[in-house]
$ cat upload09.txt   # compact mmCIF, C-alpha atoms
# COMPACT_ATOMS: atom_id res chain seq x y z
CA MET F 576 0.00 0.00 0.00
CA GLN F 577 2.92 2.33 0.67
CA TRP F 578 3.88 1.95 -3.01
CA PHE F 579 0.49 3.24 -4.12
CA ILE F 580 0.62 6.22 -1.78
CA ARG F 581 3.99 7.20 -3.19
CA LEU F 582 2.86 6.68 -6.80
CA LYS F 583 -0.27 8.74 -6.24
CA LEU F 584 1.68 11.57 -4.61
CA ILE F 585 4.16 11.57 -7.52
CA ILE F 586 1.31 11.74 -10.03
CA LEU F 587 -0.31 14.49 -7.98
CA MET F 588 2.90 16.53 -8.06
CA ALA F 589 3.28 15.87 -11.79
CA ILE F 590 -0.24 17.18 -12.41
CA CYS F 591 0.54 20.28 -10.34
CA TYR F 592 3.69 20.78 -12.41
CA LEU F 593 1.78 20.38 -15.66
CA SER F 594 -0.78 22.87 -14.44
CA ALA F 595 1.94 25.44 -13.96
CA GLN F 596 2.81 25.02 -17.63
CA SER F 597 -0.77 25.64 -18.73
CA GLY F 598 -2.24 29.00 -19.46
CA SER F 599 -5.57 27.94 -20.93
CA ALA F 600 -8.54 28.33 -18.61
CA LEU F 601 -11.82 28.83 -20.39
CA ALA F 602 -14.74 30.55 -18.66
CA CYS F 603 -17.74 28.29 -18.33
CA ALA F 604 -20.16 27.12 -15.66
CA SER F 605 -19.83 23.66 -14.16
CA CYS F 606 -19.30 22.12 -10.77
CA GLY F 607 -16.90 19.70 -9.19
CA SER F 608 -17.91 16.42 -7.65
CA GLY F 609 -17.98 18.18 -4.29
CA SER F 610 -17.40 15.24 -2.00
CA ASP F 611 -14.16 16.69 -0.60
CA ASP F 612 -15.56 20.11 0.34
CA PRO F 613 -19.20 20.84 1.15
CA LEU F 614 -19.31 24.09 -0.79
CA ILE F 615 -18.23 24.49 -4.41
CA LEU F 616 -18.74 27.74 -6.33
CA TRP F 617 -19.52 27.79 -10.02
CA PRO F 618 -17.37 30.15 -12.10
CA SER F 619 -20.11 32.81 -12.32
CA GLU F 620 -20.91 32.74 -8.59
CA GLN F 621 -19.39 35.36 -6.30
CA PHE F 622 -20.83 34.56 -2.88
CA LYS F 623 -22.45 31.35 -1.77
CA THR F 624 -23.58 29.82 1.50
CA TYR F 625 -24.11 26.28 2.76
CA LEU F 626 -26.19 25.16 5.70
CA GLY F 627 -26.36 21.45 6.26
CA PHE F 628 -27.49 19.01 8.90
CA SER F 629 -26.09 15.50 9.09
CA THR F 630 -26.45 12.64 11.47
CA SER F 631 -24.16 9.61 11.77
CA ASN F 632 -24.76 6.36 13.60
CA ARG F 633 -24.18 2.58 13.42
CA PHE F 634 -20.57 3.00 14.52
CA GLU F 635 -18.38 -0.08 14.42
CA ALA F 636 -14.65 -0.44 15.00
CA VAL F 637 -12.83 -2.13 12.11
CA ASP F 638 -9.65 -3.95 13.16
CA PRO F 639 -6.41 -4.45 11.17
CA GLU F 640 -7.83 -7.57 9.54
CA GLY F 641 -11.02 -5.91 8.42
CA LYS F 642 -13.21 -7.48 11.08
CA ARG F 643 -15.93 -5.20 12.43
CA GLY F 644 -16.48 -5.09 16.17
CA ARG F 645 -18.06 -3.07 18.95
CA GLU F 646 -17.35 0.45 20.06
CA SER F 647 -18.48 2.29 23.17
CA GLY F 648 -19.16 6.02 23.39
CA PRO F 649 -21.72 8.11 21.50
CA THR F 650 -24.26 6.20 19.44
CA SER F 651 -25.11 9.21 17.29
CA ARG F 652 -23.11 12.20 16.12
CA ASP F 653 -25.03 15.10 14.62
CA SER F 654 -23.53 18.07 12.85
CA LEU F 655 -24.87 21.44 11.77
CA THR F 656 -22.40 22.69 9.18
CA MET F 657 -22.20 26.27 7.98
CA ALA F 658 -19.97 27.34 5.13
CA ILE F 659 -19.45 30.51 3.13
CA GLY F 660 -17.68 30.79 -0.18
CA LYS F 661 -16.29 33.90 -1.84
CA ALA F 662 -14.87 34.07 -5.34
CA LEU F 663 -11.88 36.30 -5.96
CA ARG F 664 -11.94 35.63 -9.69
CA ASN F 665 -13.98 33.43 -11.98
CA ASP F 666 -11.44 30.67 -11.54
CA LEU F 667 -10.54 31.10 -7.86
CA PHE F 668 -12.59 30.92 -4.69
CA PHE F 669 -12.18 30.43 -0.96
CA THR F 670 -14.52 28.74 1.50
CA LEU F 671 -14.72 28.71 5.28
CA THR F 672 -16.52 25.81 6.90
CA LEU F 673 -17.60 25.66 10.52
CA PRO F 674 -19.42 22.65 12.01
CA LEU F 675 -21.40 22.63 15.24
CA GLN F 676 -21.51 19.12 16.59
CA GLN F 677 -23.63 17.15 19.00
CA ASN F 678 -22.80 13.74 20.43
CA ARG F 679 -25.65 11.68 21.75
CA LEU F 680 -25.79 8.60 23.95
CA GLY F 681 -29.20 7.57 25.17
CA SER F 682 -30.80 10.61 26.78
CA ASN F 683 -27.45 12.40 27.26
CA SER F 684 -25.95 14.76 24.72
CA LEU F 685 -23.17 17.31 24.50
CA ARG F 686 -22.56 20.06 21.94
CA SER F 687 -19.36 21.71 20.73
CA VAL F 688 -17.93 23.76 17.91
CA GLY F 689 -16.15 21.33 15.58
CA ASP F 690 -13.01 21.78 13.52
CA PRO F 691 -13.18 24.78 11.15
CA MET F 692 -11.73 24.37 7.66
CA LEU F 693 -10.36 26.99 5.28
CA ALA F 694 -10.26 25.85 1.65
CA ALA F 695 -9.42 27.24 -1.77
CA ARG F 696 -9.97 25.99 -5.30
CA TRP F 697 -8.44 27.18 -8.53
CA SER F 698 -10.02 26.11 -11.80
CA TRP F 699 -7.13 25.10 -13.97
CA LEU F 700 -9.43 24.03 -16.79
CA VAL F 701 -13.07 25.04 -17.22
CA PRO F 702 -15.05 23.20 -19.90
CA ASP F 703 -16.19 24.90 -23.06
CA PHE F 704 -19.75 24.29 -24.30
CA THR F 705 -18.29 23.43 -27.69
CA GLU F 706 -16.22 20.67 -26.15
CA PRO F 707 -18.58 18.74 -23.82
CA PHE F 708 -16.14 15.95 -23.12
CA VAL F 709 -13.42 18.19 -21.72
CA PRO F 710 -13.72 18.09 -17.92
CA GLN F 711 -13.53 20.86 -15.39
CA VAL F 712 -10.23 20.48 -13.56
CA GLN F 713 -9.70 22.20 -10.21
CA LEU F 714 -6.70 22.25 -7.94
CA MET F 715 -7.85 22.25 -4.32
CA GLY F 716 -6.20 22.97 -1.02
CA SER F 717 -7.53 23.16 2.52
CA TYR F 718 -6.45 23.41 6.11
CA LYS F 719 -8.49 21.93 8.92
CA PHE F 720 -7.91 23.47 12.33
CA ALA F 721 -7.99 21.22 15.39
CA ASN F 722 -10.38 23.13 17.59
CA SER F 723 -12.52 20.52 19.23
CA ARG F 724 -11.54 18.06 21.91
CA ALA F 725 -10.14 14.73 20.76
CA LEU F 726 -10.79 11.27 22.13
CA GLN F 727 -7.36 11.35 23.80
CA GLU F 728 -8.38 14.51 25.67
CA SER F 729 -11.77 13.29 26.84
CA ASP F 730 -12.40 13.39 30.56
CA ARG F 731 -15.78 11.66 30.47
CA SER F 732 -16.30 7.93 30.77
CA ASP F 733 -18.98 8.05 28.06
CA LEU F 734 -16.67 10.00 25.65
CA LEU F 735 -19.46 12.46 24.84
CA ASP F 736 -16.95 15.32 24.90
CA ALA F 737 -14.78 13.88 22.09
CA PHE F 738 -15.69 15.72 18.88
CA GLY F 739 -12.61 15.79 16.67
CA THR F 740 -9.31 14.17 15.87
CA GLY F 741 -7.25 16.82 17.66
CA ILE F 742 -4.95 16.90 14.63
CA PRO F 743 -4.71 19.82 12.18
CA GLU F 744 -4.54 18.61 8.59
CA THR F 745 -3.60 20.07 5.22
CA LYS F 746 -5.16 18.68 2.06
CA LEU F 747 -3.87 19.27 -1.47
CA GLY F 748 -5.39 17.73 -4.54
CA ILE F 749 -7.09 17.81 -7.88
CA ASP F 750 -10.79 17.48 -8.68
CA THR F 751 -12.11 16.75 -12.15
CA PHE F 752 -15.73 16.67 -13.24
CA TRP F 753 -17.42 15.96 -16.53
CA GLY F 754 -20.67 17.82 -15.99
CA GLN F 755 -21.88 18.96 -19.38
CA ASN F 756 -23.61 15.81 -20.54
CA PHE F 757 -26.60 13.76 -19.46
CA VAL F 758 -24.22 11.29 -17.83
CA LYS F 759 -21.96 13.06 -15.35
CA GLY F 760 -18.92 11.89 -13.49
CA GLY F 761 -15.97 13.09 -11.53
CA PHE F 762 -12.69 11.97 -10.11
CA ALA F 763 -10.79 13.63 -7.29
CA LEU F 764 -7.47 12.85 -5.71
CA ALA F 765 -6.11 14.54 -2.60
CA GLY F 766 -3.02 14.15 -0.47
CA LEU F 767 -3.69 14.35 3.30
CA PHE F 768 -0.93 15.78 5.45
CA PRO F 769 -1.71 15.80 9.20
CA GLU F 770 0.47 17.39 11.85
CA GLU F 771 2.08 15.66 14.78
CA ARG F 772 0.48 16.56 18.12
CA LYS F 773 0.79 15.66 21.77
CA LEU F 774 -2.58 14.22 22.73
CA GLY F 775 -2.98 12.67 26.13
CA ARG F 776 -0.02 10.50 27.11
CA PHE F 777 1.62 10.31 23.68
CA THR F 778 2.63 12.45 20.72
CA VAL F 779 0.64 11.06 17.81
CA PHE F 780 0.91 11.34 14.04
CA PRO F 781 -1.92 9.63 12.10
CA GLY F 782 0.16 9.23 8.93
CA ASN F 783 0.00 10.92 5.56
CA GLY F 784 -2.71 9.68 3.28
CA VAL F 785 -4.41 9.83 -0.09
CA ARG F 786 -8.13 10.21 -0.61
CA THR F 787 -9.60 9.20 -3.96
CA THR F 788 -13.18 9.99 -4.92
CA ALA F 789 -15.02 8.77 -7.98
CA THR F 790 -18.57 9.80 -8.85
CA LEU F 791 -21.03 8.89 -11.56
CA GLY F 792 -24.53 10.20 -12.11
CA ILE F 793 -27.14 11.57 -14.42
CA ALA F 794 -28.82 14.90 -15.00
CA LEU F 795 -32.43 15.16 -14.02
CA ARG F 796 -34.35 18.30 -14.94
CA ASP F 797 -32.64 21.72 -15.13
CA ASN F 798 -29.77 21.75 -12.61
CA ASP F 799 -30.96 18.71 -10.70
CA LYS F 800 -28.75 15.67 -10.67
CA ILE F 801 -28.25 12.40 -8.89
CA LEU F 802 -24.78 11.02 -8.21
CA VAL F 803 -23.36 7.88 -6.69
CA GLY F 804 -19.76 7.66 -5.64
CA VAL F 805 -16.97 5.84 -3.89
CA VAL F 806 -14.44 7.40 -1.53
CA ASN F 807 -11.24 5.47 -0.92
CA GLU F 808 -8.80 6.66 1.73
CA ILE F 809 -5.47 5.13 2.59
CA ARG F 810 -2.96 6.26 5.19
CA GLU F 811 0.54 5.16 5.90
CA ARG F 812 1.46 3.73 9.32
CA ARG F 813 0.93 6.11 12.23
CA ARG F 814 3.63 7.21 14.67
CA ASN F 815 3.27 7.31 18.45
CA ASP F 816 6.07 9.22 20.18
CA GLY F 817 7.97 9.12 16.89
CA VAL F 818 7.81 5.34 16.55
CA ARG F 819 6.08 3.82 13.52
CA VAL F 820 3.32 1.39 14.53
CA GLU F 821 3.31 -1.84 12.55
CA GLY F 822 -0.09 -2.78 11.16
CA SER F 823 -1.59 0.65 11.71
CA GLU F 824 -2.16 1.48 8.03
CA VAL F 825 -5.67 2.76 7.39
CA LEU F 826 -7.81 1.58 4.51
CA SER F 827 -11.26 3.13 4.35
CA ASN F 828 -13.94 2.87 1.69
CA ALA F 829 -17.29 4.62 1.58
CA ILE F 830 -20.14 4.77 -0.88
CA PHE F 831 -22.53 7.67 -1.17
CA LEU F 832 -25.67 8.76 -2.98
CA THR F 833 -26.33 12.46 -3.52
CA LEU F 834 -29.39 14.15 -4.95
CA ASP F 835 -29.24 17.83 -5.89
CA TRP F 836 -32.63 19.50 -6.27
CA SER F 837 -33.09 23.13 -7.25
CA PRO F 838 -36.52 24.36 -6.11
CA ALA F 839 -35.69 27.89 -7.27
CA GLN F 840 -32.98 29.67 -9.17
CA HIS F 841 -29.78 30.07 -7.09
CA HIS F 842 -31.03 27.63 -4.45
CA THR F 843 -30.18 23.96 -4.19
CA ILE F 844 -31.27 21.35 -1.68
CA ARG F 845 -28.83 18.48 -1.38
CA PHE F 846 -29.72 15.10 0.11
CA SER F 847 -26.92 12.62 0.81
CA LEU F 848 -26.62 9.12 2.19
CA THR F 849 -23.21 7.69 3.02
CA ASP F 850 -22.13 4.28 4.24
CA LYS F 851 -18.52 4.07 5.35
CA GLY F 852 -16.47 1.04 6.21
CA ARG F 853 -18.93 -1.60 5.06
CA VAL F 854 -17.99 -1.91 1.39
CA PHE F 855 -14.78 -3.38 -0.08
CA GLN F 856 -11.92 -4.01 2.35
CA ASN F 857 -11.40 -1.68 5.33
CA LYS F 858 -8.94 -1.65 8.21
CA ASN F 859 -8.18 0.46 11.28
CA MET F 860 -11.13 2.79 10.91
CA ILE F 861 -14.62 3.42 12.29
CA ALA F 862 -17.51 2.29 10.12
CA ALA F 863 -20.55 4.56 10.15
CA SER F 864 -23.72 5.39 8.27
CA SER F 865 -24.80 8.97 7.78
CA ALA F 866 -27.53 11.02 6.19
CA SER F 867 -27.52 14.72 5.47
CA VAL F 868 -29.63 17.47 4.03
CA ALA F 869 -28.21 20.85 3.03
CA TRP F 870 -29.31 24.14 1.57
CA LEU F 871 -26.94 25.87 -0.81
CA ALA F 872 -27.74 29.45 -1.82
CA THR F 873 -26.00 31.80 -4.23
CA TRP F 874 -26.33 35.46 -3.26
CA GLN F 875 -24.23 37.16 -5.94
CA MET B 1333 -2.27 19.50 -22.82
CA ARG B 1334 -5.65 17.78 -22.79
CA LEU B 1335 -4.11 14.49 -23.79
CA ARG B 1336 -1.75 14.84 -20.84
CA ILE B 1337 -4.71 15.44 -18.49
CA VAL B 1338 -6.61 12.44 -19.80
CA PHE B 1339 -3.51 10.26 -19.57
CA ALA B 1340 -2.84 11.36 -15.98
CA LEU B 1341 -6.46 10.74 -14.95
CA LEU B 1342 -6.53 7.30 -16.52
CA LEU B 1343 -3.31 6.45 -14.70
CA LEU B 1344 -4.77 7.58 -11.37
CA LEU B 1345 -7.94 5.59 -11.94
CA SER B 1346 -5.98 2.44 -12.79
CA CYS B 1347 -3.86 2.93 -9.64
CA SER B 1348 -6.96 3.04 -7.48
CA ILE B 1349 -8.49 -0.05 -9.05
CA VAL B 1350 -5.27 -2.05 -8.56
CA GLU B 1351 -4.94 -0.68 -5.03
CA VAL B 1352 -8.39 -1.87 -3.95
CA SER B 1353 -7.77 -5.36 -5.30
CA CYS B 1354 -4.26 -5.56 -3.78
CA SER B 1355 -5.35 -4.39 -0.37
CA LYS B 1356 -8.14 -6.94 -0.41
CA SER B 1357 -5.81 -9.83 -1.12
CA SER B 1358 -3.19 -8.70 1.42
CA ALA B 1359 -5.79 -8.38 4.14
CA GLN B 1360 -7.03 -11.89 3.42
CA GLY B 1361 -3.48 -13.18 3.59
CA SER B 1362 -2.85 -11.75 7.02
CA SER B 1363 -5.93 -13.24 8.63
CA SER B 1364 -4.02 -16.21 10.01
CA GLY B 1365 -1.91 -13.84 12.13
CA SER B 1366 -4.87 -12.83 14.19
CA GLN B 1367 -5.55 -16.38 15.25
CA ALA B 1368 -2.17 -16.46 17.03
CA ALA B 1369 -3.06 -13.40 19.08
CA SER B 1370 -4.59 -14.03 22.47
CA ALA B 1371 -6.09 -12.28 25.46
CA LEU B 1372 -3.35 -13.88 27.59
CA GLY B 1373 -0.49 -11.77 26.30
CA GLN B 1374 2.94 -11.31 27.72
CA ALA B 1375 5.77 -8.82 27.44
CA LYS B 1376 9.46 -9.10 28.18
CA GLY B 1377 11.60 -6.18 29.23
CA ASN B 1378 15.17 -5.70 30.37
CA ILE B 1379 14.20 -5.70 34.06
CA PHE B 1380 11.07 -7.79 34.31
CA THR B 1381 8.53 -9.81 32.35
CA ALA B 1382 4.75 -9.49 32.63
CA LYS B 1383 2.28 -12.15 31.65
CA ILE B 1384 -1.50 -12.10 31.91
CA LEU B 1385 -2.44 -15.35 33.63
CA SER B 1386 -6.20 -14.96 33.50
CA TRP B 1387 -9.14 -12.60 33.09
CA SER B 1388 -11.76 -12.80 35.81
CA LYS B 1389 -13.87 -10.48 33.67
CA GLY B 1390 -13.34 -9.79 29.99
CA PRO B 1391 -11.51 -8.72 28.02
CA GLU B 1392 -14.49 -7.06 26.39
CA VAL B 1393 -15.65 -3.67 25.19
CA SER B 1394 -16.74 -1.70 28.24
CA GLY B 1395 -19.97 0.14 28.85
CA ASP B 1396 -20.23 3.90 28.99
CA SER B 1397 -20.18 4.48 32.74
CA VAL B 1398 -17.44 3.82 35.28
CA SER B 1399 -19.58 1.11 36.86
CA GLU B 1400 -19.55 -0.74 33.53
CA MET B 1401 -15.74 -0.74 33.25
CA ASN B 1402 -15.19 -4.12 34.79
CA ASN B 1403 -12.40 -5.86 32.91
CA ALA B 1404 -10.10 -7.49 35.45
CA CYS B 1405 -7.02 -9.64 35.12
CA VAL B 1406 -4.14 -11.25 36.99
CA ILE B 1407 -0.65 -10.36 35.76
CA GLU B 1408 2.35 -12.41 36.76
CA ILE B 1409 5.63 -10.54 37.21
CA LYS B 1410 9.04 -12.20 37.04
CA THR B 1411 12.54 -10.85 36.66
CA ALA B 1412 14.13 -10.85 33.23
CA ASP B 1413 16.00 -14.03 34.18
CA ASP B 1414 12.70 -15.73 35.08
CA LYS B 1415 12.93 -15.48 38.89
CA VAL B 1416 10.33 -14.31 41.39
CA PRO B 1417 11.15 -10.68 42.29
CA GLU B 1418 11.97 -9.71 45.86
CA SER B 1419 9.91 -6.51 45.59
CA ILE B 1420 7.22 -5.19 43.24
CA SER B 1421 5.61 -1.78 43.28
CA VAL B 1422 3.18 -0.72 40.55
CA SER B 1423 3.08 2.96 39.61
CA ASP B 1424 0.68 2.88 36.65
CA ILE B 1425 -1.56 0.59 34.63
CA PHE B 1426 -3.44 1.85 31.61
CA PRO B 1427 -4.77 0.51 28.28
CA PHE B 1428 -3.63 1.96 24.96
CA MET B 1429 -4.49 1.08 21.37
CA LYS B 1430 -1.37 2.07 19.49
CA ILE B 1431 -2.69 1.18 16.04
CA HIS B 1432 -5.32 3.92 16.57
CA GLY B 1433 -3.16 6.19 18.75
CA HIS B 1434 -5.57 6.45 21.68
CA GLY B 1435 -6.29 4.94 25.04
CA ALA B 1436 -9.40 4.61 27.17
CA PRO B 1437 -10.55 6.10 30.46
CA ASP B 1438 -8.07 4.88 33.09
CA ASP B 1439 -8.53 6.98 36.24
CA GLN B 1440 -10.82 4.28 37.65
CA ILE B 1441 -8.30 1.41 37.29
CA THR B 1442 -7.29 -0.16 40.59
CA TRP B 1443 -4.64 -2.76 41.40
CA LYS B 1444 -3.07 -4.63 44.22
CA VAL B 1445 0.08 -6.73 44.42
CA GLU B 1446 -0.09 -10.23 45.93
CA GLY B 1447 3.23 -12.03 45.88
CA ASN B 1448 4.52 -11.72 42.33
CA GLN B 1449 1.05 -11.15 40.89
CA ILE B 1450 -0.78 -7.93 40.12
CA ILE B 1451 -4.55 -8.06 40.32
CA ALA B 1452 -5.84 -5.24 38.12
CA SER B 1453 -9.52 -4.25 38.03
CA LYS B 1454 -11.88 -1.75 36.38
CA ILE B 1455 -9.97 -1.75 33.10
CA SER B 1456 -11.79 -0.12 30.18
CA PHE B 1457 -11.53 -0.97 26.49
CA ILE B 1458 -13.60 1.32 24.30
CA MET B 1459 -13.54 -0.75 21.13
CA SER B 1460 -12.74 -4.17 19.72
CA GLY B 1461 -9.31 -4.87 18.36
CA PRO B 1462 -5.68 -5.14 19.43
CA TRP B 1463 -4.83 -3.23 22.61
CA GLU B 1464 -1.80 -3.00 24.85
CA LEU B 1465 -2.08 -3.00 28.62
CA HIS B 1466 0.76 -0.81 29.89
CA VAL B 1467 2.24 -1.82 33.24
CA LYS B 1468 4.75 0.54 34.83
CA ALA B 1469 6.37 -1.05 37.84
CA VAL B 1470 9.40 -0.89 40.11
CA VAL B 1471 10.80 -4.41 40.30
CA ASN B 1472 13.69 -5.06 42.66
CA GLY B 1473 14.25 -1.29 42.81
CA GLN B 1474 14.35 -0.73 39.03
CA THR B 1475 11.58 0.95 37.02
CA GLU B 1476 10.32 -0.21 33.64
CA GLU B 1477 7.12 0.09 31.58
CA LEU B 1478 5.94 -2.87 29.50
CA GLU B 1479 3.14 -3.23 26.95
CA ILE B 1480 1.21 -6.48 27.23
CA PRO B 1481 -0.79 -7.20 24.06
CA VAL B 1482 -4.50 -7.86 24.59
CA VAL B 1483 -6.96 -8.67 21.83
CA VAL B 1484 -10.45 -7.44 22.68
CA PRO B 1485 -13.12 -9.33 20.72

$ encode --input "upload09.txt" --output "structure tokens"
Amino acid sequence: MQWFIRLKLIILMAICYLSAQSGSALACASCGSGSDDPLILWPSEQFKTYLGFSTSNRFEAVDPEGKRGRESGPTSRDSLTMAIGKALRNDLFFTLTLPLQQNRLGSNSLRSVGDPMLAARWSWLVPDFTEPFVPQVQLMGSYKFANSRALQESDRSDLLDAFGTGIPETKLGIDTFWGQNFVKGGFALAGLFPEERKLGRFTVFPGNGVRTTATLGIALRDNDKILVGVVNEIRERRRNDGVRVEGSEVLSNAIFLTLDWSPAQHHTIRFSLTDKGRVFQNKNMIAASSASVAWLATWQ
Amino acid sequence: MRLRIVFALLLLLSCSIVEVSCSKSSAQGSSSGSQAASALGQAKGNIFTAKILSWSKGPEVSGDSVSEMNNACVIEIKTADDKVPESISVSDIFPFMKIHGHGAPDDQITWKVEGNQIIASKISFIMSGPWELHVKAVVNGQTEELEIPVVVP
């Protein structure tokens, strides 16, 4: 698996290098597959907001051999996610995402601000209507702040106060989307670069990783569409106090179904269902099922 | 330029397809390793060895309150040259899951030393999988911390 991480990172760097050689970015409206960041601006959009609610449950611990087992702690994790996006140019925009989270266990619950994320996307290639098979290609980057309390910092026996990983993480990648035809599809690849942090008794480093997303769907009426996709994430071995941990590589696969419905111009309602850790092979991760509904609005 | 993009994307896609199939076969191949793992783990250090003789409760995933953290075990301590130590003093016992980089609530853990055995109680494991039970002890006047592997079903 290490070999594939290295190969993917090399290809990612090669694509970034090629992008630096390119000067052709055509102005046209489209959208990326969107599974990496909740809010994606179209080239003509200047200011956009996202308000989404999601709930996750059916948590199961997946061991190094892929066997699913039990987990204690919250049985449901809800999230109210707010994001704003501002375009600086037609081909460049920034987004700020802030989740408010709630952990629930029986009749007990606890709320906290989650980990904010600052992201940017630059459209290296925007499709031309005359060339419907040329994809939109975006380079994406983000930084996730570690604001919320991590499992290692929890001081409750029921772990209701653990909301995040406690690890800041940088993401760099490329997102392509063929969105001009009846059949739509996208492919995104991102390198994940967490920071090393002292959490609890040990200094932990979750390992660099690569997240690959593939989507396929069809256009419904107007701007409505339905997409299904797969998200594959792999991470190299983690380090605890600087020591690599054998067998700690992460392999995570998720499938999702997303329906975008536009009840009015500039407004989209997005419904999503995701099942993580129960398809293909998985190891050293937490399986979960989640559902979300979100309202995306363009204001300029 | 577009040909280069398409070529790069096709290469990435093929990488991912091969990766999923490879990871599946490697995971299947390693399944026999898990069968060798046991709840009665042991660890050998430079000063002493620690071996879990038995579990009076567990090991199992704990409940969500302190009263439901009931895993308990007996750990035998011997010197590195396999002799019964003259003195044993335990300074810390806590569970850690190094493959995930986290532990579990441990303030409630209690222990007592009887002869060359440590009876540890109220141990919490918050999920299934391979854990390590850390035992930090002073044996014959010398301090060492060992990790005893424990597989929690």

$ interface_residues --input "upload09.txt" --of "chain B" --to "chain F" --cutoff "6 Å" --atoms "only C-alpha atoms" --output "list in words"
Lys1356, Ala1359, Asp1396, Ser1397, Ile1431, His1434, Ile1458, Met1459, Ser1460 and Gly1461 of chain B

$ residues_around --input "upload09.txt" --residues "Gly792 (chain F)" --least-positions-apart "6" --cutoff "8 Å" --atoms "all atoms listed in the file" --output "PyMOL selection string"
chain F and resi 758-760+800-803

$ atom_distance --input "upload09.txt" --atom1 "CA of Glu620 (chain F)" --atom2 "CA of Ser717 (chain F)"
19.9 Å

$ residues_around --input "upload09.txt" --residues "Glu1392 (chain B)" --least-positions-apart "2" --cutoff "8 Å" --atoms "all atoms listed in the file" --output "list in words"
Gly1390, Ser1394, Asn1403, Phe1457, Ser1460, Val1484 and Pro1485 of chain B

$ atom_distance --input "upload09.txt" --atom1 "CA of Ala1436 (chain B)" --atom2 "CA of Arg810 (chain F)"
23.0 Å

$ atom_distance --input "upload09.txt" --atom1 "CA of Leu1385 (chain B)" --atom2 "CA of Ile1409 (chain B)"
10.1 Å

$ closest_residue --input "upload09.txt" --among "B:Val1470, B:Met1429, B:Ile1451, B:Val1398" --to "Pro1417 (chain B)" --atoms "all atoms listed in the file"
B:Val1470

$ residues_around --input "upload09.txt" --residues "Asn798 (chain F)" --least-positions-apart "5" --cutoff "8 Å" --atoms "all atoms listed in the file" --output "ChimeraX atom specification"
/F:835-837

$ residues_around --input "upload09.txt" --residues "Pro743 (chain F)" --least-positions-apart "5" --cutoff "6 Å" --atoms "all atoms listed in the file" --output "ChimeraX atom specification"
/F:719-721,769-770

$ residues_around --input "upload09.txt" --residues "Met692 (chain F)" --least-positions-apart "4" --cutoff "6 Å" --atoms "all atoms listed in the file" --output "PyMOL selection string"
chain F and resi 671-672+718-719

$ residues_near_point --input "upload09.txt" --point "(-23.7, 8.4, 1.3)" --cutoff "9 Å" --atoms "all atoms listed in the file" --output "PyMOL selection string"
chain F and resi 803-805+829-833+847-851+864-867

$ closest_residue --input "upload09.txt" --among "F:Gln840, F:Thr624, F:Asn756, F:Thr630" --to "Phe669 (chain F)" --atoms "all atoms listed in the file"
F:Thr624

$ residues_near_point --input "upload09.txt" --point "(7.2, -10.7, 24.5)" --cutoff "10 Å" --atoms "only C-alpha atoms" --output "ChimeraX atom specification"
/B:1373-1377,1381-1383,1478-1481

$ axis_aligned_box --input "upload09.txt" --around "region 1465-1480 of chain B" --padding-each-side "4 Å" --output "JSON"
{"center_x": 6.1, "center_y": -2.8, "center_z": 34.9, "size_x": 24.4, "size_y": 15.4, "size_z": 23.9}
